[in-house]
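Next comes protein.txt, a file with compact mmCIF, C-alpha atoms and all ligand atoms.
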```
# COMPACT_ATOMS: atom_id res chain seq x y z
CA MET A 990 -47.10 51.34 -44.40
CA LEU A 991 -45.83 54.48 -46.10
CA ASP A 992 -42.92 54.59 -48.50
CA ILE A 993 -41.53 57.86 -47.14
CA LYS A 994 -38.69 58.05 -49.63
CA LYS A 995 -41.14 57.84 -52.51
CA ILE A 996 -43.51 60.31 -50.87
CA ARG A 997 -40.71 62.84 -50.31
CA ALA A 998 -39.79 62.62 -53.99
CA ASP A 999 -43.33 63.85 -54.79
CA PHE A 1000 -42.61 67.19 -53.06
CA PRO A 1001 -40.09 69.28 -55.05
CA ILE A 1002 -39.59 71.78 -52.22
CA LEU A 1003 -38.20 69.05 -49.93
CA GLN A 1004 -35.09 68.88 -52.15
CA GLU A 1005 -34.35 72.59 -51.50
CA LEU A 1006 -31.54 73.94 -49.35
CA VAL A 1007 -32.31 76.71 -46.86
CA ASN A 1008 -29.34 78.69 -45.49
CA GLY A 1009 -27.15 76.05 -47.10
CA LYS A 1010 -28.81 73.18 -45.20
CA PRO A 1011 -31.42 70.65 -46.37
CA LEU A 1012 -34.85 72.07 -45.54
CA VAL A 1013 -36.49 70.54 -42.46
CA TYR A 1014 -40.06 71.76 -42.76
CA PHE A 1015 -41.87 71.57 -39.41
CA ASP A 1016 -44.35 74.41 -39.96
CA ASN A 1017 -47.10 72.20 -41.33
CA ALA A 1018 -49.74 73.55 -38.95
CA ALA A 1019 -49.40 76.94 -40.67
CA THR A 1020 -49.50 75.47 -44.17
CA ASN A 1021 -48.11 72.27 -45.63
CA GLN A 1022 -46.16 71.60 -48.81
CA LYS A 1023 -47.56 70.73 -52.24
CA PRO A 1024 -46.88 67.56 -54.22
CA GLN A 1025 -46.04 67.74 -57.93
CA VAL A 1026 -49.55 66.57 -58.94
CA VAL A 1027 -51.08 69.66 -57.32
CA ILE A 1028 -48.52 71.97 -58.97
CA ASP A 1029 -49.25 70.21 -62.29
CA ALA A 1030 -53.01 70.74 -61.85
CA ILE A 1031 -52.39 74.48 -61.53
CA VAL A 1032 -50.06 74.67 -64.54
CA ASN A 1033 -52.40 72.47 -66.60
CA TYR A 1034 -55.40 74.66 -65.95
CA TYR A 1035 -53.63 77.85 -66.97
CA SER A 1036 -51.87 76.32 -69.96
CA LYS A 1037 -54.79 74.26 -71.33
CA TYR A 1038 -58.28 75.35 -70.28
CA ASN A 1039 -58.30 78.67 -68.41
CA ALA A 1040 -61.81 80.17 -68.78
CA ASN A 1041 -64.50 81.58 -66.53
CA ILE A 1042 -67.01 79.01 -65.37
CA HIS A 1043 -70.79 78.53 -65.21
CA ARG A 1044 -71.58 81.18 -67.84
CA GLY A 1045 -69.96 80.22 -71.09
CA VAL A 1046 -71.31 78.14 -73.96
CA HIS A 1047 -67.84 77.74 -75.40
CA THR A 1048 -65.85 74.55 -74.92
CA LEU A 1049 -63.13 75.82 -72.61
CA SER A 1050 -65.69 77.31 -70.24
CA GLN A 1051 -67.49 74.00 -70.12
CA VAL A 1052 -64.29 72.03 -69.51
CA ALA A 1053 -63.35 74.42 -66.69
CA THR A 1054 -66.86 74.28 -65.21
CA ASP A 1055 -66.82 70.48 -65.24
CA ALA A 1056 -63.40 70.37 -63.59
CA TYR A 1057 -64.50 72.82 -60.89
CA GLU A 1058 -67.73 70.97 -60.17
CA GLN A 1059 -65.84 67.67 -60.10
CA ALA A 1060 -63.62 69.19 -57.44
CA ARG A 1061 -66.70 70.03 -55.39
CA GLU A 1062 -67.81 66.41 -55.71
CA LYS A 1063 -64.40 65.22 -54.55
CA VAL A 1064 -64.79 67.38 -51.45
CA GLN A 1065 -68.32 66.04 -50.96
CA LYS A 1066 -67.10 62.46 -51.20
CA HIS A 1067 -64.07 63.06 -49.00
CA PHE A 1068 -66.23 64.37 -46.14
CA ASN A 1069 -69.08 61.92 -46.80
CA VAL A 1070 -71.61 64.69 -47.36
CA LYS A 1071 -75.09 63.84 -48.62
CA LYS A 1072 -75.52 66.53 -51.29
CA SER A 1073 -72.86 68.32 -53.33
CA PHE A 1074 -74.62 71.70 -52.89
CA GLU A 1075 -74.04 71.42 -49.13
CA ILE A 1076 -70.37 72.08 -49.97
CA ILE A 1077 -69.72 75.81 -50.42
CA LEU A 1078 -66.27 76.54 -51.85
CA THR A 1079 -64.87 79.59 -50.08
CA ALA A 1080 -61.56 81.43 -49.76
CA GLY A 1081 -60.64 79.47 -46.62
CA THR A 1082 -61.56 78.70 -43.03
CA THR A 1083 -61.69 82.35 -42.00
CA HIS A 1084 -64.02 83.20 -44.88
CA SER A 1085 -66.24 80.19 -44.11
CA ILE A 1086 -66.59 81.17 -40.45
CA ASN A 1087 -67.46 84.75 -41.38
CA ILE A 1088 -70.21 83.57 -43.72
CA VAL A 1089 -71.87 81.69 -40.85
CA ALA A 1090 -71.25 84.35 -38.19
CA SER A 1091 -72.66 87.04 -40.45
CA GLY A 1092 -75.66 84.87 -41.34
CA PHE A 1093 -76.54 84.38 -37.68
CA THR A 1094 -77.03 88.12 -37.19
CA SER A 1095 -80.71 87.85 -38.10
CA LEU A 1096 -81.18 84.68 -36.01
CA LEU A 1097 -79.96 85.99 -32.64
CA LYS A 1098 -81.39 88.40 -30.12
CA LYS A 1099 -80.16 90.13 -26.98
CA GLY A 1100 -79.58 87.67 -24.13
CA ASP A 1101 -78.91 84.64 -26.36
CA HIS A 1102 -75.75 82.68 -25.61
CA ILE A 1103 -72.92 81.75 -27.94
CA ILE A 1104 -70.33 79.26 -26.67
CA VAL A 1105 -66.72 79.08 -27.91
CA SER A 1106 -63.82 77.04 -26.63
CA ALA A 1107 -60.72 78.58 -25.07
CA LEU A 1108 -58.62 76.64 -27.59
CA GLU A 1109 -59.83 78.62 -30.58
CA HIS A 1110 -57.83 80.27 -33.32
CA HIS A 1111 -58.47 84.03 -33.52
CA SER A 1112 -60.44 83.40 -36.70
CA ASN A 1113 -62.94 81.40 -34.63
CA ILE A 1114 -63.14 84.03 -31.87
CA VAL A 1115 -63.25 87.47 -33.47
CA PRO A 1116 -66.19 86.88 -35.88
CA TRP A 1117 -68.32 85.71 -32.92
CA GLN A 1118 -67.32 88.72 -30.83
CA MET A 1119 -68.40 90.91 -33.72
CA LEU A 1120 -71.66 88.96 -33.91
CA CYS A 1121 -72.23 89.58 -30.19
CA GLU A 1122 -71.66 93.31 -30.72
CA ARG A 1123 -74.23 93.34 -33.51
CA THR A 1124 -76.90 91.33 -31.69
CA GLY A 1125 -76.36 91.76 -27.93
CA ALA A 1126 -75.78 88.02 -27.57
CA GLU A 1127 -73.38 86.91 -24.84
CA LEU A 1128 -70.13 84.99 -25.45
CA LYS A 1129 -69.33 82.11 -23.05
CA VAL A 1130 -65.97 80.36 -23.06
CA ILE A 1131 -65.26 76.68 -22.30
CA PRO A 1132 -62.05 76.77 -20.21
CA ILE A 1133 -59.07 74.41 -20.54
CA ASN A 1134 -57.00 72.51 -17.97
CA GLU A 1135 -53.19 72.27 -17.58
CA ALA A 1136 -52.99 69.52 -20.21
CA GLY A 1137 -54.69 71.78 -22.74
CA GLU A 1138 -57.98 69.85 -22.74
CA LEU A 1139 -61.45 71.37 -22.64
CA GLN A 1140 -63.24 71.17 -19.29
CA MET A 1141 -66.28 69.32 -20.50
CA GLU A 1142 -68.19 69.44 -17.20
CA VAL A 1143 -68.03 73.24 -17.31
CA TYR A 1144 -69.33 73.11 -20.88
CA GLU A 1145 -72.27 70.96 -19.84
CA ASN A 1146 -73.25 73.42 -17.13
CA MET A 1147 -73.02 76.31 -19.57
CA LEU A 1148 -75.55 74.86 -21.98
CA SER A 1149 -79.16 76.00 -21.71
CA GLU A 1150 -82.10 76.84 -23.92
CA LYS A 1151 -80.47 80.26 -24.32
CA THR A 1152 -77.55 78.65 -26.18
CA LYS A 1153 -77.99 79.20 -29.91
CA ILE A 1154 -74.67 78.14 -31.39
CA VAL A 1155 -71.48 76.43 -30.18
CA PHE A 1156 -68.06 76.72 -31.85
CA ALA A 1157 -65.01 74.59 -31.29
CA ASN A 1158 -62.06 73.42 -33.27
CA HIS A 1159 -61.59 69.75 -34.02
CA VAL A 1160 -57.85 69.93 -33.36
CA SER A 1161 -56.05 72.84 -31.66
CA ASN A 1162 -53.43 74.39 -33.94
CA ALA A 1163 -51.44 75.70 -30.96
CA LEU A 1164 -51.35 72.56 -28.76
CA GLY A 1165 -52.47 69.68 -30.98
CA THR A 1166 -55.31 68.67 -28.64
CA ILE A 1167 -57.96 66.56 -30.39
CA ASN A 1168 -61.27 67.77 -28.96
CA PRO A 1169 -64.19 65.45 -28.14
CA ILE A 1170 -66.35 66.97 -30.87
CA GLU A 1171 -68.84 64.07 -30.92
CA GLU A 1172 -69.72 64.89 -27.32
CA ILE A 1173 -69.72 68.66 -27.96
CA ILE A 1174 -72.17 68.21 -30.84
CA GLU A 1175 -74.45 65.77 -29.01
CA LYS A 1176 -74.73 67.94 -25.90
CA ALA A 1177 -75.39 71.12 -27.94
CA HIS A 1178 -78.08 69.41 -29.96
CA ALA A 1179 -79.76 68.26 -26.75
CA VAL A 1180 -80.55 71.94 -25.96
CA GLY A 1181 -81.38 72.80 -29.57
CA ALA A 1182 -78.16 74.69 -30.35
CA ALA A 1183 -76.31 74.54 -33.67
CA VAL A 1184 -72.62 73.58 -33.82
CA LEU A 1185 -69.81 74.80 -36.05
CA ILE A 1186 -66.56 72.83 -36.01
CA ASP A 1187 -63.32 74.41 -37.24
CA GLY A 1188 -61.54 71.53 -38.94
CA ALA A 1189 -58.60 73.51 -40.35
CA GLN A 1190 -56.09 71.68 -38.17
CA ALA A 1191 -57.83 68.31 -38.06
CA CYS A 1192 -58.23 67.69 -41.77
CA PRO A 1193 -54.51 67.14 -42.51
CA HIS A 1194 -54.56 64.22 -40.04
CA ILE A 1195 -58.13 62.96 -39.84
CA LYS A 1196 -60.80 62.23 -42.45
CA PRO A 1197 -64.05 63.24 -40.76
CA ASP A 1198 -67.41 61.67 -41.68
CA LEU A 1199 -69.71 64.68 -41.51
CA GLN A 1200 -72.96 62.73 -41.76
CA LYS A 1201 -71.93 60.49 -38.91
CA LEU A 1202 -70.85 63.48 -36.82
CA ASP A 1203 -74.25 65.07 -37.48
CA VAL A 1204 -72.52 68.47 -37.31
CA ASP A 1205 -74.38 71.56 -38.57
CA PHE A 1206 -71.36 73.39 -40.02
CA TYR A 1207 -67.80 72.20 -40.63
CA VAL A 1208 -65.09 74.43 -42.11
CA THR A 1209 -61.55 73.90 -43.35
CA SER A 1210 -58.80 75.30 -45.63
CA ALA A 1211 -57.23 73.56 -48.63
CA HIS A 1212 -53.72 74.87 -47.97
CA LYS A 1213 -53.17 72.69 -44.88
CA LEU A 1214 -54.21 69.66 -46.94
CA CYS A 1215 -51.54 69.86 -49.67
CA GLY A 1216 -53.78 72.22 -51.67
CA PRO A 1217 -53.34 75.88 -52.63
CA THR A 1218 -54.03 78.95 -50.49
CA GLY A 1219 -57.20 80.94 -51.00
CA VAL A 1220 -59.56 77.94 -51.12
CA GLY A 1221 -61.64 76.48 -48.35
CA VAL A 1222 -64.77 74.61 -47.48
CA LEU A 1223 -67.97 75.56 -45.74
CA TYR A 1224 -70.10 72.50 -45.17
CA GLY A 1225 -73.57 73.26 -43.89
CA LYS A 1226 -76.64 71.11 -43.53
CA GLU A 1227 -79.08 71.97 -46.31
CA ALA A 1228 -81.71 73.33 -43.90
CA TRP A 1229 -79.17 75.64 -42.24
CA LEU A 1230 -77.78 76.94 -45.52
CA ASN A 1231 -81.31 77.72 -46.68
CA LYS A 1232 -82.01 79.56 -43.45
CA LEU A 1233 -78.89 81.79 -43.59
CA PRO A 1234 -79.01 84.92 -45.76
CA PRO A 1235 -76.28 85.37 -48.41
CA TYR A 1236 -73.02 86.90 -47.22
CA GLN A 1237 -72.01 88.85 -50.31
CA GLY A 1238 -74.02 90.15 -53.23
CA GLY A 1239 -72.78 89.98 -56.80
CA GLY A 1240 -72.69 87.91 -59.93
CA GLU A 1241 -73.25 84.16 -59.82
CA MET A 1242 -75.36 84.27 -56.62
CA ILE A 1243 -78.55 85.61 -58.19
CA GLU A 1244 -81.46 84.13 -60.10
CA THR A 1245 -82.99 87.36 -61.43
CA VAL A 1246 -81.98 90.98 -60.94
CA THR A 1247 -84.12 94.07 -61.47
CA PHE A 1248 -83.84 97.37 -59.65
CA GLU A 1249 -87.07 96.57 -57.85
CA LYS A 1250 -86.10 93.15 -56.55
CA THR A 1251 -83.39 90.52 -56.84
CA THR A 1252 -83.97 86.84 -56.18
CA TYR A 1253 -81.12 84.65 -55.04
CA ALA A 1254 -79.75 81.57 -56.68
CA GLY A 1255 -80.09 78.20 -55.02
CA LEU A 1256 -77.33 76.38 -53.16
CA PRO A 1257 -74.38 76.41 -53.41
CA HIS A 1258 -74.31 79.54 -55.66
CA LYS A 1259 -76.16 81.70 -53.13
CA PHE A 1260 -72.92 81.79 -51.10
CA GLU A 1261 -70.51 81.94 -54.05
CA ALA A 1262 -70.77 85.49 -55.36
CA GLY A 1263 -68.31 86.51 -58.06
CA THR A 1264 -65.71 84.50 -59.97
CA PRO A 1265 -64.35 81.90 -57.57
CA ASN A 1266 -60.78 80.66 -57.21
CA ILE A 1267 -61.29 78.24 -60.12
CA VAL A 1268 -57.75 76.93 -60.38
CA GLY A 1269 -57.54 76.70 -56.59
CA GLY A 1270 -60.67 74.56 -56.40
CA ILE A 1271 -59.42 72.24 -59.14
CA ALA A 1272 -56.00 71.90 -57.51
CA PHE A 1273 -57.68 71.23 -54.16
CA GLY A 1274 -59.45 68.29 -55.81
CA ALA A 1275 -56.07 66.99 -56.98
CA ALA A 1276 -54.69 67.39 -53.45
CA LEU A 1277 -57.53 65.35 -51.95
CA ASP A 1278 -56.93 62.63 -54.54
CA TYR A 1279 -53.26 62.58 -53.61
CA MET A 1280 -53.84 62.41 -49.86
CA ASN A 1281 -56.51 59.75 -50.18
CA ALA A 1282 -54.14 57.65 -52.29
CA VAL A 1283 -51.56 57.91 -49.48
CA GLY A 1284 -54.39 57.01 -47.10
CA PHE A 1285 -55.53 58.87 -44.00
CA GLU A 1286 -55.15 55.86 -41.72
CA ASN A 1287 -51.55 55.48 -42.84
CA ILE A 1288 -51.00 59.20 -42.39
CA ALA A 1289 -52.48 59.23 -38.88
CA SER A 1290 -50.50 56.26 -37.61
CA TYR A 1291 -47.21 57.46 -39.10
CA GLU A 1292 -47.65 61.01 -37.78
CA ASP A 1293 -48.47 59.55 -34.39
CA GLU A 1294 -45.14 57.72 -34.48
CA LEU A 1295 -43.39 61.03 -35.26
CA LEU A 1296 -45.29 62.72 -32.42
CA GLN A 1297 -44.27 60.05 -29.89
CA TYR A 1298 -40.68 60.11 -31.07
CA GLY A 1299 -40.42 63.90 -31.07
CA THR A 1300 -42.07 64.19 -27.66
CA GLU A 1301 -39.67 61.64 -26.18
CA LYS A 1302 -36.53 63.21 -27.67
CA LEU A 1303 -37.46 66.80 -26.80
CA SER A 1304 -38.47 65.78 -23.26
CA GLU A 1305 -34.91 64.58 -22.65
CA ILE A 1306 -33.71 68.21 -22.90
CA GLU A 1307 -33.38 69.74 -19.45
CA GLY A 1308 -35.44 72.89 -18.90
CA LEU A 1309 -37.69 72.17 -21.89
CA ARG A 1310 -41.43 72.22 -21.27
CA ILE A 1311 -44.06 70.92 -23.68
CA TYR A 1312 -47.45 72.68 -23.65
CA GLY A 1313 -50.44 70.53 -24.51
CA THR A 1314 -50.20 67.03 -23.10
CA SER A 1315 -53.65 65.74 -23.93
CA VAL A 1316 -53.81 61.97 -24.41
CA LYS A 1317 -55.57 62.53 -27.72
CA LYS A 1318 -53.23 64.69 -29.72
CA ALA A 1319 -52.30 65.41 -33.34
CA ALA A 1320 -48.67 65.80 -34.48
CA VAL A 1321 -48.03 69.27 -33.04
CA ILE A 1322 -45.43 69.94 -30.33
CA SER A 1323 -45.45 73.36 -28.67
CA PHE A 1324 -42.53 73.96 -26.32
CA ASN A 1325 -40.35 76.49 -24.53
CA ILE A 1326 -36.93 76.40 -22.93
CA GLU A 1327 -36.61 77.94 -19.50
CA GLY A 1328 -35.24 81.48 -19.61
CA VAL A 1329 -35.14 81.70 -23.43
CA HIS A 1330 -37.55 83.59 -25.68
CA PRO A 1331 -39.19 81.31 -28.29
CA PHE A 1332 -38.31 83.77 -31.07
CA ASP A 1333 -34.58 83.34 -30.36
CA ILE A 1334 -34.82 79.57 -30.62
CA GLY A 1335 -36.78 79.85 -33.87
CA SER A 1336 -34.13 82.18 -35.35
CA ILE A 1337 -31.29 79.80 -34.51
CA LEU A 1338 -33.21 76.79 -35.87
CA ASP A 1339 -33.70 78.73 -39.11
CA LYS A 1340 -29.91 79.01 -39.49
CA PHE A 1341 -29.90 75.20 -39.58
CA GLY A 1342 -32.58 75.12 -42.30
CA ILE A 1343 -35.32 74.14 -39.82
CA ALA A 1344 -38.69 75.85 -40.23
CA VAL A 1345 -40.73 76.04 -37.02
CA ARG A 1346 -43.24 78.67 -35.95
CA THR A 1347 -42.74 80.87 -32.92
CA GLY A 1348 -45.21 83.18 -31.23
CA HIS A 1349 -48.82 82.95 -30.13
CA HIS A 1350 -50.05 80.99 -33.19
CA CYS A 1351 -53.18 83.20 -33.46
CA THR A 1352 -54.27 81.85 -30.05
CA GLN A 1353 -53.45 84.56 -27.53
CA PRO A 1354 -56.02 83.29 -24.96
CA ILE A 1355 -54.11 79.97 -24.71
CA MET A 1356 -50.80 81.81 -24.20
CA ASN A 1357 -52.44 83.96 -21.51
CA TYR A 1358 -53.67 80.80 -19.77
CA TYR A 1359 -50.10 79.47 -19.52
CA ASN A 1360 -48.81 82.98 -18.81
CA ILE A 1361 -46.24 82.88 -21.64
CA PRO A 1362 -45.63 85.18 -24.62
CA GLY A 1363 -45.63 82.28 -27.05
CA THR A 1364 -44.07 78.92 -27.84
CA VAL A 1365 -41.88 77.23 -30.40
CA ARG A 1366 -44.16 74.98 -32.43
CA ALA A 1367 -42.96 72.00 -34.45
CA SER A 1368 -45.78 70.43 -36.45
CA PHE A 1369 -45.27 67.29 -38.51
CA SER A 1370 -46.66 66.02 -41.78
CA PHE A 1371 -46.54 62.55 -43.35
CA TYR A 1372 -43.45 63.47 -45.42
CA ASN A 1373 -41.33 64.26 -42.33
CA THR A 1374 -38.91 61.76 -40.80
CA LYS A 1375 -37.38 60.78 -37.47
CA GLU A 1376 -33.99 61.81 -38.88
CA GLU A 1377 -35.35 65.32 -39.33
CA ILE A 1378 -36.53 65.30 -35.72
CA ASP A 1379 -33.00 64.32 -34.66
CA VAL A 1380 -31.64 67.30 -36.62
CA MET A 1381 -34.09 69.60 -34.81
CA VAL A 1382 -33.33 68.18 -31.35
CA ALA A 1383 -29.59 68.64 -31.90
CA ALA A 1384 -30.20 72.23 -33.06
CA VAL A 1385 -32.42 72.98 -30.05
CA LYS A 1386 -29.60 71.76 -27.76
CA LYS A 1387 -27.12 74.04 -29.56
CA ALA A 1388 -29.55 76.98 -29.29
CA GLN A 1389 -29.97 76.31 -25.59
CA MET A 1390 -26.19 76.39 -25.09
CA MET A 1391 -25.79 79.59 -27.07
CA LEU A 1392 -28.68 81.42 -25.39
CA SER A 1393 -28.46 80.50 -21.72
C1 LIG B 1 -55.14 77.73 -39.94
C2 LIG B 1 -56.28 77.75 -39.05
C3 LIG B 1 -57.32 78.67 -39.21
C4 LIG B 1 -57.30 79.76 -40.26
O1 LIG B 1 -57.29 79.26 -41.54
P1 LIG B 1 -57.12 80.25 -42.77
O2 LIG B 1 -56.76 79.32 -43.89
O3 LIG B 1 -56.01 81.19 -42.44
O4 LIG B 1 -58.41 80.93 -42.98
C5 LIG B 1 -58.39 78.59 -38.36
N1 LIG B 1 -58.45 77.67 -37.40
C6 LIG B 1 -57.47 76.77 -37.19
C7 LIG B 1 -57.60 75.75 -36.12
C8 LIG B 1 -56.35 76.78 -38.02
O5 LIG B 1 -55.37 75.89 -37.82
```
Taking this structure as input, can you express it in the form of C-alpha cells?
Ligand SMILES: *Cc1c(COP(=O)(O)O)cnc(C)c1O
Amino acid sequence: MLDIKKIRADFPILQELVNGKPLVYFDNAATNQKPQVVIDAIVNYYSKYNANIHRGVHTLSQVATDAYEQAREKVQKHFNVKKSFEIILTAGTTHSINIVASGFTSLLKKGDHIIVSALEHHSNIVPWQMLCERTGAELKVIPINEAGELQMEVYENMLSEKTKIVFANHVSNALGTINPIEEIIEKAHAVGAAVLIDGAQACPHIKPDLQKLDVDFYVTSAHKLCGPTGVGVLYGKEAWLNKLPPYQGGGEMIETVTFEKTTYAGLPHKFEAGTPNIVGGIAFGAALDYMNAVGFENIASYEDELLQYGTEKLSEIEGLRIYGTSVKKAAVISFNIEGVHPFDIGSILDKFGIAVRTGHHCTQPIMNYYNIPGTVRASFSFYNTKEEIDVMVAAVKKAQMMLS
C-alpha cells in the first residue's frame, strides 16, 4: 500500500498553483515530476564534487567518476542485466535508438526486412526509415486493431529469414497498450532476427527483467522515471554491442589515436564519446533508488486503480470516446469528445490548472488509423489521486458545455 500523502510531499512541484488552481499534473507520459531527492542529487553534485570524470587523478574527479559508475550499476541492477558495460548511458531513448539504427547500416543489404509496429513513437519509426534509405532494406509494419492492439497473426506471417531486426514499444505512449513483447521477441528469434524494445513508456510502470526477456536491445529515458532530461539507457547484449560500430567519434571512446589509425575503447566507452551528462546520470541513479523504495508492484497496482477509476468516470460522459481499449493497458487514457477539437479541451483544462497533452503524441500513424487529428491524453503517475481525476472529469464536462 502506498502512502500517497507522504509521496506527494516528496514532490515540491505538486504544491504549486497553476492559473490560481492547485496543479493537477496528468502529463506523465510526456515527462513525470521529480522528487526532492533527485533535485538534491543535482544540487549536491554541483555544490560539492563537480568535476569531469574518467580522466582525472585528483580527488573530485575520482568522487564524480565513482558516483557516475555507481549510477550505471544501479541501472544494471534495476534491469537485471548481466554486465555493467552492457548498459550504455545515452542522452535518451531517441539517442539510444539512433545508435542502434546507425550501427545496423553495415549489417543490412538490399532486400532485407525490418519490422516495426504501427504503435510506434516517431522516434522509433524515423531512424528505421532513414536506415532503409541508406541500405535498401524494406520496412514492414505490424498493424493494429480497433482496440489498439497489435495484430500478432499478421506479425507471424511477416517474419521470414529476410527479417533482420524487429522494433516495438513495450507500452504505447499514445494509447497505453501493453504489447506482448515476450511473444514478439520469441517469434523474431525463431527466424534469427534481432529485437529492439522501446521501453520509454513502460519503465515508469513496469520493472522489466532484461535477462529473462532475452531481448537484444532495450532503450528508455530517465525523465519519465522521475529522473532528469537528457539521460537515457541503451541496453545491448554484449555480442551485439561488440558487433555494432561506434556512433560518434571523439574523446573517451578511443584506446589509441594516431593520424594513421585509431583503435576504439571497449564497452561501454565505445558508445560514450565526449563528456557525458554526469550530473544527469547520477541523478538518474537517485531516481531509480527512489522509485524502487516506493516499489514497482505498488506503483503498478495503484496506477491500475487510477486507470480503472478514470476510465469509468470519463466513460459516463456522453459523446466521449476512449481510444485504446486493450485489456492489458498502462495508466494512459486517450479520448475525444464528439464535435470538439482536442486542443480546445486541453486549453480549457489548463485554465483549471490541469495539465494534459493534446495532439498526435508523436504517433501520427495511430491517429491516421482512427482518422482523427489527435486526442486529449491524461496519463497518471503514482503521486496522482482519484480526487484529481474527479477535478478533471468535472472540468471536461464544463468544457463540453462551453464548446458544443
Ligand atoms: C517519450 C518516448 C520516446 C522518446 O523519448 P525521448 O526521451 O524524447 O528520447 C520514445 N518512445 C516512447 C514510447 C516514448 O514514450
Atom CA of Phe1371 of chain A and atom CA of Ala998 of chain A, how far apart in Å?
12.6 Å
Across A:Thr1020, A:Gln1190, A:Gln1025, A:Ser1091, the smallest distance to ligand LIG 1 (chain B), with only C-alpha atoms and all ligand atoms counted, is shown by A:Gln1190
Test item: residues lying within 6 Å of ligand LIG 1 (chain B) with only C-alpha atoms and all ligand atoms, as a PDB file with C-alpha atoms, in the frame of the given file:
```pdb
ATOM      1  CA  ALA A1019     -49.400  76.940 -40.670  1.00  0.00           C
ATOM      2  CA  GLY A1081     -60.640  79.470 -46.620  1.00  0.00           C
ATOM      3  CA  THR A1082     -61.560  78.700 -43.030  1.00  0.00           C
ATOM      4  CA  THR A1083     -61.690  82.350 -42.000  1.00  0.00           C
ATOM      5  CA  HIS A1110     -57.830  80.270 -33.320  1.00  0.00           C
ATOM      6  CA  SER A1112     -60.440  83.400 -36.700  1.00  0.00           C
ATOM      7  CA  ASN A1158     -62.060  73.420 -33.270  1.00  0.00           C
ATOM      8  CA  SER A1161     -56.050  72.840 -31.660  1.00  0.00           C
ATOM      9  CA  ASN A1162     -53.430  74.390 -33.940  1.00  0.00           C
ATOM     10  CA  ASP A1187     -63.320  74.410 -37.240  1.00  0.00           C
ATOM     11  CA  ALA A1189     -58.600  73.510 -40.350  1.00  0.00           C
ATOM     12  CA  GLN A1190     -56.090  71.680 -38.170  1.00  0.00           C
ATOM     13  CA  SER A1210     -58.800  75.300 -45.630  1.00  0.00           C
TER      14      SER A1210
END
```
Record the distance separating atom CA of Lys994 of chain A and atom CA of Arg1346 of chain A, expressed in Å with one decimal.
25.2 Å
Residues near Val1268 of chain A, anyone? I mean within 10 Å using all atoms listed in the file, not counting same-chain ones fewer than 2 positions away, as a list in words.
Ala1030, Ile1031, Val1032, Asn1033, Tyr1034, Tyr1035, Asn1039, Ala1040, Ala1053, Ala1056, Tyr1057, Pro1217, Val1220, Pro1265, Asn1266, Gly1270, Ile1271, Ala1272, Phe1273 and Gly1274 of chain A
For a test of reading the model, state the distance in Å between atom CA of Gly1219 of chain A and atom CA of Thr1079 of chain A, rounded to one decimal.
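Between these atoms lies a distance of 7.8 Å.
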Just give me the residues with any atom within 10 Å of (-72.2, 75.6, -54.3), file coordinates, counting only C-alpha atoms, written as a list in words.
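Answer for this query, in the requested form: Glu1058, Arg1061, Ser1073, Phe1074, Glu1075, Ile1076, Ile1077, Leu1078, Thr1079, Leu1223, Tyr1224, Met1242, Ala1254, Gly1255, Leu1256, Pro1257, His1258, Lys1259, Phe1260 and Glu1261 of chain A.
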Between A:Leu1164, A:Val1246, A:Val1026, A:Val1070, which has the minimum distance to Phe1206 of chain A (counting all atoms listed in the file)?
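Among A:Leu1164, A:Val1246, A:Val1026, A:Val1070, it is A:Val1070 that comes nearest to Phe1206 of chain A.
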So, counting all atoms listed in the file, which residue among A:Gly1263, A:Pro1234, A:Gly1363, A:Gly1125 is closest to Phe1093 of chain A?
A:Pro1234
